[in-house]
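Chemist: TSV, N, CA and C atoms, saved as start-v2.tsv, coming up:
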```
chain	number	residue	atom	x	y	z
A	6	MET	N	-19.03	-16.65	22.63
A	6	MET	CA	-18.98	-15.39	21.92
A	6	MET	C	-18.67	-14.23	22.85
A	7	GLU	N	-19.01	-14.36	24.10
A	7	GLU	CA	-18.81	-13.26	25.03
A	7	GLU	C	-17.34	-12.86	25.12
A	8	ALA	N	-16.44	-13.83	25.15
A	8	ALA	CA	-15.01	-13.52	25.21
A	8	ALA	C	-14.56	-12.79	23.95
A	9	ALA	N	-15.06	-13.23	22.79
A	9	ALA	CA	-14.71	-12.56	21.54
A	9	ALA	C	-15.23	-11.13	21.54
A	10	THR	N	-16.44	-10.94	22.01
A	10	THR	CA	-17.02	-9.60	22.08
A	10	THR	C	-16.19	-8.72	22.99
A	11	ASP	N	-15.82	-9.24	24.14
A	11	ASP	CA	-15.00	-8.47	25.09
A	11	ASP	C	-13.67	-8.09	24.47
A	12	ASP	N	-13.03	-9.04	23.79
A	12	ASP	CA	-11.74	-8.76	23.15
A	12	ASP	C	-11.88	-7.68	22.07
A	13	LEU	N	-12.95	-7.76	21.30
A	13	LEU	CA	-13.19	-6.75	20.26
A	13	LEU	C	-13.47	-5.38	20.87
A	14	GLU	N	-14.20	-5.36	21.98
A	14	GLU	CA	-14.47	-4.09	22.67
A	14	GLU	C	-13.16	-3.45	23.15
A	15	ILE	N	-12.26	-4.26	23.70
A	15	ILE	CA	-10.96	-3.77	24.17
A	15	ILE	C	-10.17	-3.20	22.99
A	16	LEU	N	-10.13	-3.95	21.89
A	16	LEU	CA	-9.42	-3.50	20.71
A	16	LEU	C	-10.02	-2.21	20.16
A	17	ALA	N	-11.34	-2.11	20.15
A	17	ALA	CA	-12.01	-0.89	19.66
A	17	ALA	C	-11.64	0.31	20.54
A	18	ARG	N	-11.61	0.11	21.84
A	18	ARG	CA	-11.23	1.21	22.75
A	18	ARG	C	-9.79	1.64	22.52
A	19	LYS	N	-8.90	0.67	22.29
A	19	LYS	CA	-7.50	1.01	22.02
A	19	LYS	C	-7.38	1.79	20.72
A	20	ALA	N	-8.09	1.36	19.69
A	20	ALA	CA	-8.05	2.06	18.40
A	20	ALA	C	-8.63	3.47	18.55
A	21	ALA	N	-9.70	3.60	19.33
A	21	ALA	CA	-10.32	4.91	19.53
A	21	ALA	C	-9.40	5.88	20.28
A	22	ALA	N	-8.53	5.33	21.11
A	22	ALA	CA	-7.62	6.17	21.89
A	22	ALA	C	-6.28	6.41	21.17
A	23	ASP	N	-6.09	5.80	20.03
A	23	ASP	CA	-4.84	5.91	19.28
A	23	ASP	C	-4.68	7.33	18.74
A	24	SER	N	-3.45	7.78	18.63
A	24	SER	CA	-3.19	9.13	18.13
A	24	SER	C	-3.37	9.25	16.62
A	25	ARG	N	-3.38	8.14	15.93
A	25	ARG	CA	-3.53	8.19	14.47
A	25	ARG	C	-5.01	8.33	14.11
A	26	PRO	N	-5.35	9.36	13.33
A	26	PRO	CA	-6.75	9.60	12.97
A	26	PRO	C	-7.42	8.41	12.29
A	27	ASP	N	-6.71	7.71	11.43
A	27	ASP	CA	-7.31	6.58	10.73
A	27	ASP	C	-7.72	5.48	11.70
A	28	TYR	N	-6.96	5.30	12.75
A	28	TYR	CA	-7.32	4.30	13.76
A	28	TYR	C	-8.56	4.74	14.53
A	29	ARG	N	-8.54	6.02	14.96
A	29	ARG	CA	-9.67	6.55	15.75
A	29	ARG	C	-10.95	6.63	14.95
A	30	GLU	N	-10.84	7.15	13.73
A	30	GLU	CA	-12.04	7.49	12.96
A	30	GLU	C	-12.56	6.37	12.08
A	31	VAL	N	-11.71	5.40	11.75
A	31	VAL	CA	-12.13	4.34	10.84
A	31	VAL	C	-12.02	2.95	11.48
A	32	LEU	N	-10.84	2.63	11.95
A	32	LEU	CA	-10.64	1.29	12.50
A	32	LEU	C	-11.48	1.05	13.76
A	33	ALA	N	-11.53	2.02	14.65
A	33	ALA	CA	-12.30	1.85	15.89
A	33	ALA	C	-13.78	1.54	15.61
A	34	PRO	N	-14.46	2.28	14.73
A	34	PRO	CA	-15.86	1.93	14.46
A	34	PRO	C	-16.03	0.56	13.80
A	35	VAL	N	-15.07	0.17	12.96
A	35	VAL	CA	-15.17	-1.14	12.32
A	35	VAL	C	-15.05	-2.25	13.36
A	36	VAL	N	-14.09	-2.13	14.25
A	36	VAL	CA	-13.90	-3.15	15.28
A	36	VAL	C	-15.09	-3.15	16.25
A	37	LYS	N	-15.58	-1.98	16.59
A	37	LYS	CA	-16.75	-1.88	17.47
A	37	LYS	C	-17.96	-2.54	16.80
A	38	ALA	N	-18.09	-2.35	15.48
A	38	ALA	CA	-19.19	-2.99	14.75
A	38	ALA	C	-19.08	-4.51	14.81
A	39	LEU	N	-17.87	-5.02	14.70
A	39	LEU	CA	-17.68	-6.48	14.83
A	39	LEU	C	-18.11	-6.94	16.23
A	40	ALA	N	-17.79	-6.16	17.24
A	40	ALA	CA	-18.21	-6.50	18.60
A	40	ALA	C	-19.73	-6.49	18.71
A	41	GLU	N	-20.36	-5.53	18.08
A	41	GLU	CA	-21.83	-5.45	18.11
A	41	GLU	C	-22.45	-6.67	17.42
A	42	ILE	N	-21.85	-7.10	16.33
A	42	ILE	CA	-22.37	-8.29	15.64
A	42	ILE	C	-22.23	-9.52	16.53
A	43	THR	N	-21.07	-9.70	17.15
A	43	THR	CA	-20.89	-10.88	18.00
A	43	THR	C	-21.79	-10.84	19.23
A	44	ALA	N	-22.22	-9.63	19.61
A	44	ALA	CA	-23.11	-9.48	20.76
A	44	ALA	C	-24.58	-9.56	20.36
A	45	GLY	N	-24.83	-9.76	19.06
A	45	GLY	CA	-26.21	-9.88	18.61
A	45	GLY	C	-26.92	-8.56	18.41
A	46	ARG	N	-26.17	-7.50	18.15
A	46	ARG	CA	-26.75	-6.18	17.92
A	46	ARG	C	-26.40	-5.67	16.52
A	47	PRO	N	-26.97	-6.30	15.49
A	47	PRO	CA	-26.59	-5.93	14.12
A	47	PRO	C	-26.97	-4.51	13.73
A	48	ARG	N	-28.06	-3.98	14.24
A	48	ARG	CA	-28.44	-2.60	13.89
A	48	ARG	C	-27.38	-1.61	14.37
A	49	ALA	N	-26.81	-1.87	15.53
A	49	ALA	CA	-25.74	-1.02	16.04
A	49	ALA	C	-24.52	-1.10	15.12
A	50	ALA	N	-24.25	-2.30	14.61
A	50	ALA	CA	-23.12	-2.47	13.68
A	50	ALA	C	-23.35	-1.67	12.41
A	51	VAL	N	-24.58	-1.72	11.89
A	51	VAL	CA	-24.91	-0.95	10.68
A	51	VAL	C	-24.67	0.53	10.93
A	52	SER	N	-25.12	1.02	12.08
A	52	SER	CA	-24.99	2.45	12.37
A	52	SER	C	-23.53	2.88	12.53
A	53	LEU	N	-22.65	1.95	12.82
A	53	LEU	CA	-21.22	2.27	12.94
A	53	LEU	C	-20.50	2.21	11.59
A	54	ILE	N	-20.83	1.24	10.77
A	54	ILE	CA	-20.11	1.06	9.50
A	54	ILE	C	-20.67	1.97	8.41
A	55	GLU	N	-21.97	2.08	8.35
A	55	GLU	CA	-22.61	2.80	7.26
A	55	GLU	C	-22.08	4.22	7.04
A	56	PRO	N	-21.87	5.02	8.08
A	56	PRO	CA	-21.42	6.39	7.86
A	56	PRO	C	-19.95	6.52	7.42
A	57	LEU	N	-19.20	5.44	7.46
A	57	LEU	CA	-17.78	5.53	7.14
A	57	LEU	C	-17.52	5.90	5.68
A	58	GLY	N	-18.35	5.40	4.79
A	58	GLY	CA	-18.21	5.74	3.38
A	58	GLY	C	-16.80	5.50	2.87
A	59	GLU	N	-16.30	6.48	2.13
A	59	GLU	CA	-14.97	6.34	1.52
A	59	GLU	C	-13.84	6.39	2.53
A	60	ARG	N	-14.12	6.77	3.76
A	60	ARG	CA	-13.06	6.79	4.77
A	60	ARG	C	-12.47	5.40	4.98
A	61	VAL	N	-13.21	4.36	4.62
A	61	VAL	CA	-12.70	2.99	4.74
A	61	VAL	C	-11.41	2.84	3.95
A	62	GLU	N	-11.28	3.57	2.86
A	62	GLU	CA	-10.08	3.52	2.03
A	62	GLU	C	-8.84	3.93	2.84
A	63	ARG	N	-9.03	4.76	3.84
A	63	ARG	CA	-7.91	5.29	4.62
A	63	ARG	C	-7.18	4.23	5.43
A	64	ILE	N	-7.83	3.14	5.76
A	64	ILE	CA	-7.13	2.14	6.55
A	64	ILE	C	-6.22	1.28	5.70
A	65	GLY	N	-6.24	1.53	4.40
A	65	GLY	CA	-5.30	0.85	3.51
A	65	GLY	C	-5.64	-0.61	3.30
A	66	GLY	N	-4.62	-1.37	3.07
A	66	GLY	CA	-4.82	-2.79	2.80
A	66	GLY	C	-5.19	-3.02	1.35
A	67	VAL	N	-5.44	-4.24	1.03
A	67	VAL	CA	-5.82	-4.60	-0.32
A	67	VAL	C	-7.33	-4.53	-0.45
A	68	ARG	N	-7.81	-4.53	-1.67
A	68	ARG	CA	-9.23	-4.42	-1.96
A	68	ARG	C	-10.05	-5.44	-1.18
A	69	VAL	N	-9.56	-6.66	-1.11
A	69	VAL	CA	-10.32	-7.72	-0.44
A	69	VAL	C	-10.52	-7.40	1.04
A	70	GLU	N	-9.57	-6.73	1.65
A	70	GLU	CA	-9.73	-6.37	3.07
A	70	GLU	C	-10.84	-5.33	3.24
A	71	ARG	N	-10.93	-4.39	2.30
A	71	ARG	CA	-12.02	-3.41	2.36
A	71	ARG	C	-13.35	-4.09	2.04
A	72	GLU	N	-13.32	-5.09	1.18
A	72	GLU	CA	-14.55	-5.83	0.88
A	72	GLU	C	-15.06	-6.58	2.11
A	73	ILE	N	-14.16	-6.99	2.98
A	73	ILE	CA	-14.58	-7.65	4.21
A	73	ILE	C	-15.42	-6.70	5.06
A	74	ILE	N	-15.08	-5.43	5.04
A	74	ILE	CA	-15.88	-4.44	5.77
A	74	ILE	C	-17.26	-4.34	5.13
A	75	GLN	N	-17.31	-4.35	3.79
A	75	GLN	CA	-18.61	-4.35	3.12
A	75	GLN	C	-19.39	-5.61	3.45
A	76	ASP	N	-18.71	-6.74	3.48
A	76	ASP	CA	-19.38	-7.99	3.83
A	76	ASP	C	-19.94	-7.94	5.25
A	77	THR	N	-19.19	-7.30	6.13
A	77	THR	CA	-19.66	-7.13	7.51
A	77	THR	C	-20.92	-6.28	7.54
A	78	LEU	N	-20.92	-5.21	6.76
A	78	LEU	CA	-22.12	-4.37	6.66
A	78	LEU	C	-23.28	-5.18	6.09
A	79	ALA	N	-23.02	-5.95	5.04
A	79	ALA	CA	-24.09	-6.77	4.43
A	79	ALA	C	-24.64	-7.76	5.45
A	80	ARG	N	-23.77	-8.39	6.20
A	80	ARG	CA	-24.22	-9.35	7.22
A	80	ARG	C	-25.07	-8.66	8.28
A	81	ALA	N	-24.63	-7.49	8.72
A	81	ALA	CA	-25.40	-6.75	9.72
A	81	ALA	C	-26.75	-6.32	9.16
A	82	LEU	N	-26.78	-5.93	7.90
A	82	LEU	CA	-28.06	-5.57	7.27
A	82	LEU	C	-29.00	-6.78	7.23
A	83	ILE	N	-28.46	-7.93	6.84
A	83	ILE	CA	-29.26	-9.16	6.79
A	83	ILE	C	-29.79	-9.50	8.17
A	84	ASP	N	-28.90	-9.47	9.16
A	84	ASP	CA	-29.31	-9.80	10.52
A	84	ASP	C	-30.31	-8.80	11.10
A	85	SER	N	-30.35	-7.60	10.50
A	85	SER	CA	-31.31	-6.57	10.93
A	85	SER	C	-32.61	-6.67	10.15
A	86	GLY	N	-32.68	-7.63	9.24
A	86	GLY	CA	-33.88	-7.79	8.44
A	86	GLY	C	-33.94	-6.91	7.21
A	87	GLU	N	-32.83	-6.27	6.88
A	87	GLU	CA	-32.77	-5.38	5.73
A	87	GLU	C	-32.15	-6.10	4.53
A	88	HIS	N	-32.82	-7.15	4.10
A	88	HIS	CA	-32.29	-8.02	3.05
A	88	HIS	C	-32.13	-7.30	1.72
A	89	THR	N	-33.06	-6.44	1.38
A	89	THR	CA	-32.99	-5.73	0.10
A	89	THR	C	-31.77	-4.83	0.04
A	90	ARG	N	-31.50	-4.12	1.12
A	90	ARG	CA	-30.32	-3.24	1.15
A	90	ARG	C	-29.04	-4.06	1.07
A	91	ALA	N	-29.00	-5.19	1.76
A	91	ALA	CA	-27.81	-6.04	1.71
A	91	ALA	C	-27.60	-6.57	0.29
A	92	ALA	N	-28.67	-7.02	-0.33
A	92	ALA	CA	-28.58	-7.54	-1.70
A	92	ALA	C	-28.11	-6.45	-2.67
A	93	ALA	N	-28.62	-5.24	-2.49
A	93	ALA	CA	-28.23	-4.13	-3.37
A	93	ALA	C	-26.75	-3.80	-3.20
A	94	LEU	N	-26.27	-3.81	-1.97
A	94	LEU	CA	-24.85	-3.55	-1.71
A	94	LEU	C	-23.98	-4.60	-2.40
A	95	LEU	N	-24.32	-5.85	-2.22
A	95	LEU	CA	-23.52	-6.93	-2.81
A	95	LEU	C	-23.65	-6.96	-4.32
A	96	HIS	N	-24.84	-6.68	-4.83
A	96	HIS	CA	-25.05	-6.64	-6.27
A	96	HIS	C	-24.18	-5.55	-6.89
A	97	HIS	N	-24.19	-4.38	-6.27
A	97	HIS	CA	-23.40	-3.27	-6.79
A	97	HIS	C	-21.91	-3.62	-6.82
A	98	ARG	N	-21.45	-4.21	-5.76
A	98	ARG	CA	-20.03	-4.56	-5.69
A	98	ARG	C	-19.65	-5.59	-6.75
A	99	THR	N	-20.51	-6.54	-7.02
A	99	THR	CA	-20.17	-7.59	-7.97
A	99	THR	C	-20.39	-7.19	-9.42
A	100	THR	N	-21.01	-6.03	-9.64
A	100	THR	CA	-21.27	-5.62	-11.02
A	100	THR	C	-20.55	-4.33	-11.39
A	101	THR	N	-19.67	-3.83	-10.54
A	101	THR	CA	-18.93	-2.62	-10.85
A	101	THR	C	-17.45	-2.91	-10.90
A	102	THR	N	-16.69	-1.93	-11.32
A	102	THR	CA	-15.24	-2.05	-11.44
A	102	THR	C	-14.63	-2.40	-10.10
A	103	PRO	N	-13.77	-3.41	-10.06
A	103	PRO	CA	-13.19	-3.83	-8.78
A	103	PRO	C	-12.18	-2.85	-8.20
A	104	THR	N	-11.81	-1.79	-8.90
A	104	THR	CA	-10.82	-0.87	-8.36
A	104	THR	C	-11.39	0.04	-7.29
A	105	ARG	N	-12.70	0.29	-7.31
A	105	ARG	CA	-13.33	1.13	-6.30
A	105	ARG	C	-14.45	0.35	-5.65
A	106	THR	N	-14.30	0.03	-4.39
A	106	THR	CA	-15.33	-0.75	-3.72
A	106	THR	C	-15.99	0.03	-2.59
A	107	SER	N	-15.76	1.33	-2.55
A	107	SER	CA	-16.32	2.11	-1.47
A	107	SER	C	-17.84	2.10	-1.49
A	108	PHE	N	-18.45	1.84	-0.34
A	108	PHE	CA	-19.90	1.79	-0.30
A	108	PHE	C	-20.51	3.17	-0.18
A	109	SER	N	-19.70	4.22	-0.16
A	109	SER	CA	-20.28	5.56	-0.17
A	109	SER	C	-20.87	5.86	-1.55
A	110	ARG	N	-20.53	5.06	-2.54
A	110	ARG	CA	-21.07	5.24	-3.88
A	110	ARG	C	-22.42	4.55	-4.03
A	111	HIS	N	-22.92	3.94	-2.98
A	111	HIS	CA	-24.18	3.22	-3.04
A	111	HIS	C	-25.28	4.08	-2.44
A	112	PRO	N	-26.10	4.73	-3.26
A	112	PRO	CA	-27.15	5.56	-2.69
A	112	PRO	C	-28.12	4.76	-1.83
A	113	GLU	N	-28.27	3.47	-2.11
A	113	GLU	CA	-29.20	2.68	-1.32
A	113	GLU	C	-28.68	2.45	0.09
A	114	ILE	N	-27.38	2.60	0.30
A	114	ILE	CA	-26.81	2.46	1.63
A	114	ILE	C	-26.73	3.83	2.30
A	115	GLN	N	-26.39	4.86	1.54
A	115	GLN	CA	-26.24	6.18	2.11
A	115	GLN	C	-27.53	6.70	2.72
A	116	LEU	N	-28.63	6.50	2.06
A	116	LEU	CA	-29.90	7.01	2.56
A	116	LEU	C	-30.61	5.92	3.34
A	117	ARG	N	-30.43	5.92	4.60
A	117	ARG	CA	-30.96	4.90	5.49
A	117	ARG	C	-32.38	4.51	5.16
A	118	GLY	N	-32.54	3.21	4.89
A	118	GLY	CA	-33.87	2.66	4.72
A	118	GLY	C	-34.56	2.97	3.40
A	119	GLN	N	-33.95	3.82	2.58
A	119	GLN	CA	-34.59	4.17	1.32
A	119	GLN	C	-33.79	3.55	0.18
A	120	LEU	N	-34.34	2.56	-0.42
A	120	LEU	CA	-33.65	1.91	-1.54
A	120	LEU	C	-33.90	2.73	-2.79
A	121	LEU	N	-32.86	3.45	-3.23
A	121	LEU	CA	-32.99	4.31	-4.39
A	121	LEU	C	-32.45	3.65	-5.65
A	122	ALA	N	-31.48	2.80	-5.46
A	122	ALA	CA	-30.86	2.17	-6.62
A	122	ALA	C	-31.69	0.97	-7.04
A	123	ASP	N	-31.80	0.79	-8.31
A	123	ASP	CA	-32.52	-0.37	-8.84
A	123	ASP	C	-31.53	-1.53	-8.87
A	124	SER	N	-31.71	-2.48	-7.98
A	124	SER	CA	-30.75	-3.58	-7.89
A	124	SER	C	-30.75	-4.45	-9.12
A	125	ALA	N	-31.71	-4.29	-10.00
A	125	ALA	CA	-31.73	-5.06	-11.24
A	125	ALA	C	-30.92	-4.38	-12.33
A	126	ALA	N	-30.51	-3.15	-12.08
A	126	ALA	CA	-29.77	-2.40	-13.11
A	126	ALA	C	-28.37	-2.92	-13.26
```
If you convert what's in this file into structure tokens, what do you get?

Modeler:
Amino acid sequence: MEAATDDLEILARKAAADSRPDYREVLAPVVKALAEITAGRPRAAVSLIEPLGERVERIGGVRVEREIIQDTLARALIDSGEHTRAAALLHHRTTTTPTRTSFSRHPEIQLRGQLLADSAA
């Protein structure tokens, strides 16, 4: 895993130094979060992905690619012991319209540690 982490760190630094704002502001934190997960630091990954909100839409791609970012956040939440927040994120995504998958619409994710949404709703 160390080689993968190193490669992701290099890619994150390149994205952070890129002149395109979407690379610096969105792609770099996502790649850095992946590096944090491979290094066994899921809380750091959560702190990088969580604040992105709707900015994830800026990197384009198809819906499933943006869902991979949500899945990465869910995995980091699970690995951090925040199972309820991960379940709420995934529940919301699977029960809402597939055209908008931005996790900034999830109050349970926006407000760190405070589950406001009723995952049974």

Chemist: With distances taken over all atoms listed in the file, which of A:Ala81, A:Ala17, A:Ala33, A:Ala9 is nearest to Ala49 (chain A)?

Modeler: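 Smallest distance to Ala49 (chain A) is found for A:Ala81.
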
Chemist: What separation in Å, quoted to one decimal, exists between atom C of Val69 (chain A) and atom C of Leu32 (chain A)?

Modeler: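 Interatomic distance here is 15.3 Å.
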
Chemist: Quick check, in Å to one decimal: how far apart do CA of Asp27 (chain A) and CA of Leu94 (chain A) lie?

Modeler: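 Calculated distance between CA of Asp27 (chain A) and CA of Leu94 (chain A) is 23.8 Å.
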
Chemist: Could you please give me, as a PyMOL selection string, the residues of protein, DNA or RNA lying at most 6 Å from (-22.1, -9.3, 1.2) in the coordinate frame of the file, considering only C-alpha atoms?

Modeler: chain A and resi 76+79+95

Chemist: Compare A:Met6, A:Ala44, A:Leu57, A:Val36 by their minimum atom-to-atom distance to Arg18 (chain A), counting only C-alpha atoms, and give me the closest one.

Modeler: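 Using only C-alpha atoms, the shortest distance to Arg18 (chain A) belongs to A:Val36.
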